[in-house]
Amino acid sequence: MTSSRDRKVAIVWFRRDLRLADNQALRMALIRGGPVVPFFVLEPDEEATATPGVPSRAWIRRSLRSLEESLRGRGSRLVIRLGPAGKALSDLANETGAGAIFWNRLYEPPVAIRDAERLSALRSEGLEAVSCDGTLLHDPTTIRTSQGGPFRVFTPFWRHCLSLSGPEPPIRAPSRIPGPSGWPESSGSAVLGPESEAERAVDIDSTWKPGEAGAAKRLAHFLESGLPGYPANRDRPDLQGTSRLSPHLHFGEISPRQVWHAALARAAVDPTPGAARGAEAFLRQIGWREFAHHLLVHFPGTPDAPLRPEFRDFRWRKDRDALSAWSQGRTGYPIVDAGMRELQRTGWMHNRVRMVVASFLVKDLLLPWQEGSRWFLETLTDADLANNTFGWQWTAGCGADAAPFFRIFNPVIQGRKFDPEGTYVRRWVPELERLPSRWIHRPWDAPAEALRTAGVRIGKTYPAPIVDHASARTRALAAFTALKPPRPKP
DNA sequence: TGAAATGTTGGGGCG
DNA sequence: ACGCCCCAACATTTC
């Protein structure tokens, strides 16, 4: 540790930007030409503005390890300490005599508010404190309709984004990061505590490689092999049709700008129309991510409250047993249960299945979308306040550009359409493994003989459906019709 | 980024 | 040969 003041020292505060490439804050720190101290703060639970669940924590643990390693390979280190962040930053600045501190902006309203406070606090201590862009393609506060307000519909929003000049090419990772003459104390990954039983139970490692290198590899592999098939395959949970970048994007192990440019470059190399269409469909998903952040910034109450006011009075059911059946994957609807179990085991769920299980919770069970949102935030490694809030309000029909109230997914049809052979269901609901494809999505209709041969006893080895979908649908339609806003007279 | 109900069309069985 | 009915296939509308 050095006590001599060295104003040339710059601190880079890493948060959900756990990467060295295309990292604007890191670049700003390096430009100053002095030593750089990479810093990560773990906020104590009571200080955390977004409380990550167990899987998310398991992911951070791995990602930090990866970041530490790549920093070490560049002659640097990662200083890790326990928060609160404001005090930790100020302490570190005093210890290192740093003259500047840089970080990349986050857009969750409570985080943004604290960041503004931190910036002015650090500046009043005489530090150069700067927050940079890099989490999104476009700063959501600058995107406006021609009327000057925020967008509420995706298509015009995305068209507007596409009309702007494309994002700058990503910044290359520095090959060397100069360090201070003496390194300040670091608690290292010990601040995370020992890996808990619950953390170990989440199977991340068989599918994922958290960290910047894993993210880059995942993207490259997807672009190389998955682009032409993407529009059709992205809806198939039984295939590997999606990019699976969501946790990497959430933790900033890769930036949307890198994704953008890599996808366009790939489409340029592969001149078939399929590749171009695939790239467009894929980048559109990045667009939904942008849109979700845009909405969260402009409607900061939406994580808890519906955007459409008429939904404030909606009387959701209270049913602890149904909620628990849903979250534990014991609803009796195979595609729903498969999704919820995939989530529980791996901290991830295929997007199509997320829509199916969400529709089931909100429309079939009439349980509050906030319960679903909370469960997803607790159990997803990619738990992202903006994306999650948007997704749930979309499903419930109470958000901007949301699904209309009468759009109710039929879990049997969705299963047949998107998991035609039932391989996804069989993977996550092994008690149905031997059931023929014909019955895999509706075992309650299977003839006794088929059930016996497959070793399935409805209500014993696999639950009977907790609701009848047809009557649940009718019930939901009635409930939602009641709160339709009065139609303006012609 | 739905599903169900209802309407329409056209082929084929059959009296 | 013809009209009638059935129903699958597809289109439209309604929720």
# chains A, B, ... in the order shown; residues from 1 in each chain; ligands from 1

$ closest_atom_pairs --of "chain B" --to "chain A" --cutoff "9 Å" --atoms "only C-alpha atoms (C1' of nucleotides)" --output "tab-separated table"
residue	atom	partner	partner_atom	distance
B:DT1	C1'	A:Arg352	CA	8.3
B:DG2	C1'	A:Arg407	CA	5.4
B:DA3	C1'	A:Ile408	CA	7.1

$ select_by_dssp --residues "stretch 349-442 of chain A" --states "helix (DSSP H, G or I)" --output "ChimeraX atom specification"
/A:351-364,369-379,385-396,411-418,423-428,430-432,437-440

$ atom_distance --atom1 "atom CA of A:Phe291" --atom2 "atom CA of A:Ser246"
15.1 Å

$ residues_around --residues "C:DC10" --least-positions-apart "4" --cutoff "12 Å" --atoms "only C-alpha atoms (C1' of nucleotides)" --output "list in words"
DG7, DT8, DT9 and DG10 of chain B

$ write_last_selection --atoms "C-alpha atoms (C1' of nucleotides)" --output "compact mmCIF listing (two decimals), in the first residue's frame"
# COMPACT_ATOMS: atom_id res chain seq x y z
C1' DG B 7 -66.78 -18.68 -41.86
C1' DT B 8 -65.48 -20.38 -46.53
C1' DT B 9 -64.04 -23.51 -49.97
C1' DG B 10 -63.42 -27.66 -52.41

$ closest_residue --among "A:Met28, A:Val269, A:Ala276, A:Leu136" --to "A:Pro174" --atoms "only C-alpha atoms"
A:Met28

$ residues_around --residues "stretch 321-326 of chain A" --least-positions-apart "6" --cutoff "8 Å" --atoms "only C-alpha atoms (C1' of nucleotides)" --output "list in words"
Val336, Asp337, Met340, Leu361, Leu365, Leu367 and Ile466 of chain A

$ residues_around --residues "A:Gly339" --least-positions-apart "6" --cutoff "12 Å" --atoms "only C-alpha atoms (C1' of nucleotides)" --output "PyMOL selection string"
chain A and resi 237-238+326-331+333+345-358+360+376+380+411+415+419+424-429

$ write_last_selection --atoms "C-alpha atoms" --output "compact mmCIF listing (two decimals), in the first residue's frame"
# COMPACT_ATOMS: atom_id res chain seq x y z
CA PRO A 237 -36.24 -25.02 -26.41
CA ASP A 238 -35.38 -28.52 -27.60
CA TRP A 326 -45.59 -23.15 -10.21
CA SER A 327 -42.20 -22.25 -8.80
CA GLN A 328 -41.32 -25.85 -8.02
CA GLY A 329 -42.38 -27.11 -11.44
CA ARG A 330 -45.30 -29.23 -10.25
CA THR A 331 -48.25 -27.76 -12.14
CA TYR A 333 -48.40 -29.11 -17.40
CA ARG A 345 -31.40 -26.35 -11.75
CA THR A 346 -29.41 -24.12 -14.06
CA GLY A 347 -30.42 -20.53 -13.31
CA TRP A 348 -31.59 -20.06 -16.88
CA MET A 349 -34.70 -20.73 -18.95
CA HIS A 350 -35.31 -20.61 -22.67
CA ASN A 351 -37.11 -17.41 -23.68
CA ARG A 352 -40.08 -19.08 -25.34
CA VAL A 353 -40.62 -21.14 -22.21
CA ARG A 354 -40.32 -18.01 -20.06
CA MET A 355 -43.32 -16.65 -21.94
CA VAL A 356 -45.24 -19.89 -21.51
CA VAL A 357 -44.65 -20.17 -17.76
CA ALA A 358 -45.32 -16.47 -17.27
CA PHE A 360 -49.51 -19.68 -17.03
CA PHE A 376 -37.26 -14.89 -11.71
CA LEU A 380 -32.05 -16.42 -12.88
CA PRO A 411 -49.36 -24.92 -22.73
CA GLY A 415 -45.44 -27.65 -26.27
CA ASP A 419 -41.01 -29.04 -28.52
CA TYR A 424 -37.12 -30.66 -23.81
CA VAL A 425 -39.83 -31.97 -21.50
CA ARG A 426 -38.14 -35.35 -21.18
CA ARG A 427 -34.88 -33.70 -20.23
CA TRP A 428 -36.32 -31.74 -17.32
CA VAL A 429 -39.28 -33.89 -16.36

$ select_by_dssp --residues "stretch 86-259 of chain A" --states "strand (DSSP E)" --output "list in words"
Ala100, Ile101, Phe102, Trp103, Asn104, Glu128, Ala129, Val130, Ser131 and Cys132 of chain A

$ residues_around --residues "C:DC2" --least-positions-apart "2" --cutoff "12 Å" --atoms "only C-alpha atoms (C1' of nucleotides)" --output "PDB file with N, CA and C atoms (P, O5', C5', C4', C3', O3' and C1' of nucleotides), in the first residue's frame"
ATOM      1  P    DC B  14     -68.880 -44.364 -49.550  1.00  0.00           P
ATOM      2  O5'  DC B  14     -70.339 -43.880 -49.926  1.00  0.00           O
ATOM      3  C5'  DC B  14     -71.012 -42.991 -49.049  1.00  0.00           C
ATOM      4  C4'  DC B  14     -72.282 -42.533 -49.683  1.00  0.00           C
ATOM      5  C3'  DC B  14     -73.014 -43.622 -50.512  1.00  0.00           C
ATOM      6  O3'  DC B  14     -74.327 -43.738 -50.057  1.00  0.00           O
ATOM      7  C1'  DC B  14     -72.904 -41.581 -51.690  1.00  0.00           C
ATOM      8  P    DG B  15     -75.105 -45.106 -50.323  1.00  0.00           P
ATOM      9  O5'  DG B  15     -76.595 -44.603 -50.593  1.00  0.00           O
ATOM     10  C5'  DG B  15     -77.194 -43.678 -49.691  1.00  0.00           C
ATOM     11  C4'  DG B  15     -78.052 -42.694 -50.451  1.00  0.00           C
ATOM     12  C3'  DG B  15     -79.161 -43.340 -51.301  1.00  0.00           C
ATOM     13  O3'  DG B  15     -80.355 -42.623 -51.095  1.00  0.00           O
ATOM     14  C1'  DG B  15     -77.808 -41.943 -52.661  1.00  0.00           C
TER      15       DG B  15
ATOM     16  P    DC C   4     -79.535 -29.897 -53.471  1.00  0.00           P
ATOM     17  O5'  DC C   4     -78.949 -30.699 -52.225  1.00  0.00           O
ATOM     18  C5'  DC C   4     -79.473 -31.991 -51.922  1.00  0.00           C
ATOM     19  C4'  DC C   4     -78.511 -32.700 -51.027  1.00  0.00           C
ATOM     20  C3'  DC C   4     -77.929 -31.828 -49.912  1.00  0.00           C
ATOM     21  O3'  DC C   4     -78.423 -32.292 -48.658  1.00  0.00           O
ATOM     22  C1'  DC C   4     -76.258 -33.200 -50.941  1.00  0.00           C
TER      23       DC C   4
END

$ residues_around --residues "A:Pro180" --least-positions-apart "2" --cutoff "8 Å" --atoms "only C-alpha atoms (C1' of nucleotides)" --output "list in words"
Val9, Pro35, Val36, Val37, Pro178, Gly182 and Trp183 of chain A

$ write_last_selection --atoms "C-alpha atoms" --output "mmCIF file, in the first residue's frame"
data_model
loop_
_atom_site.group_PDB
_atom_site.id
_atom_site.type_symbol
_atom_site.label_atom_id
_atom_site.label_comp_id
_atom_site.auth_asym_id
_atom_site.auth_seq_id
_atom_site.Cartn_x
_atom_site.Cartn_y
_atom_site.Cartn_z
ATOM 1 C CA VAL A 9 -3.542 7.105 -10.069
ATOM 2 C CA PRO A 35 -1.324 3.752 -12.677
ATOM 3 C CA VAL A 36 -4.788 2.160 -12.735
ATOM 4 C CA VAL A 37 -6.433 0.422 -9.796
ATOM 5 C CA PRO A 178 -0.022 -0.161 -15.452
ATOM 6 C CA GLY A 182 2.222 -0.717 -4.135
ATOM 7 C CA TRP A 183 -1.130 -2.443 -4.279
#

$ atom_distance --atom1 "atom CA of A:Pro169" --atom2 "atom CA of A:Pro273"
23.9 Å

$ atom_distance --atom1 "atom CA of A:Ser70" --atom2 "atom CA of A:Val202"
24.9 Å
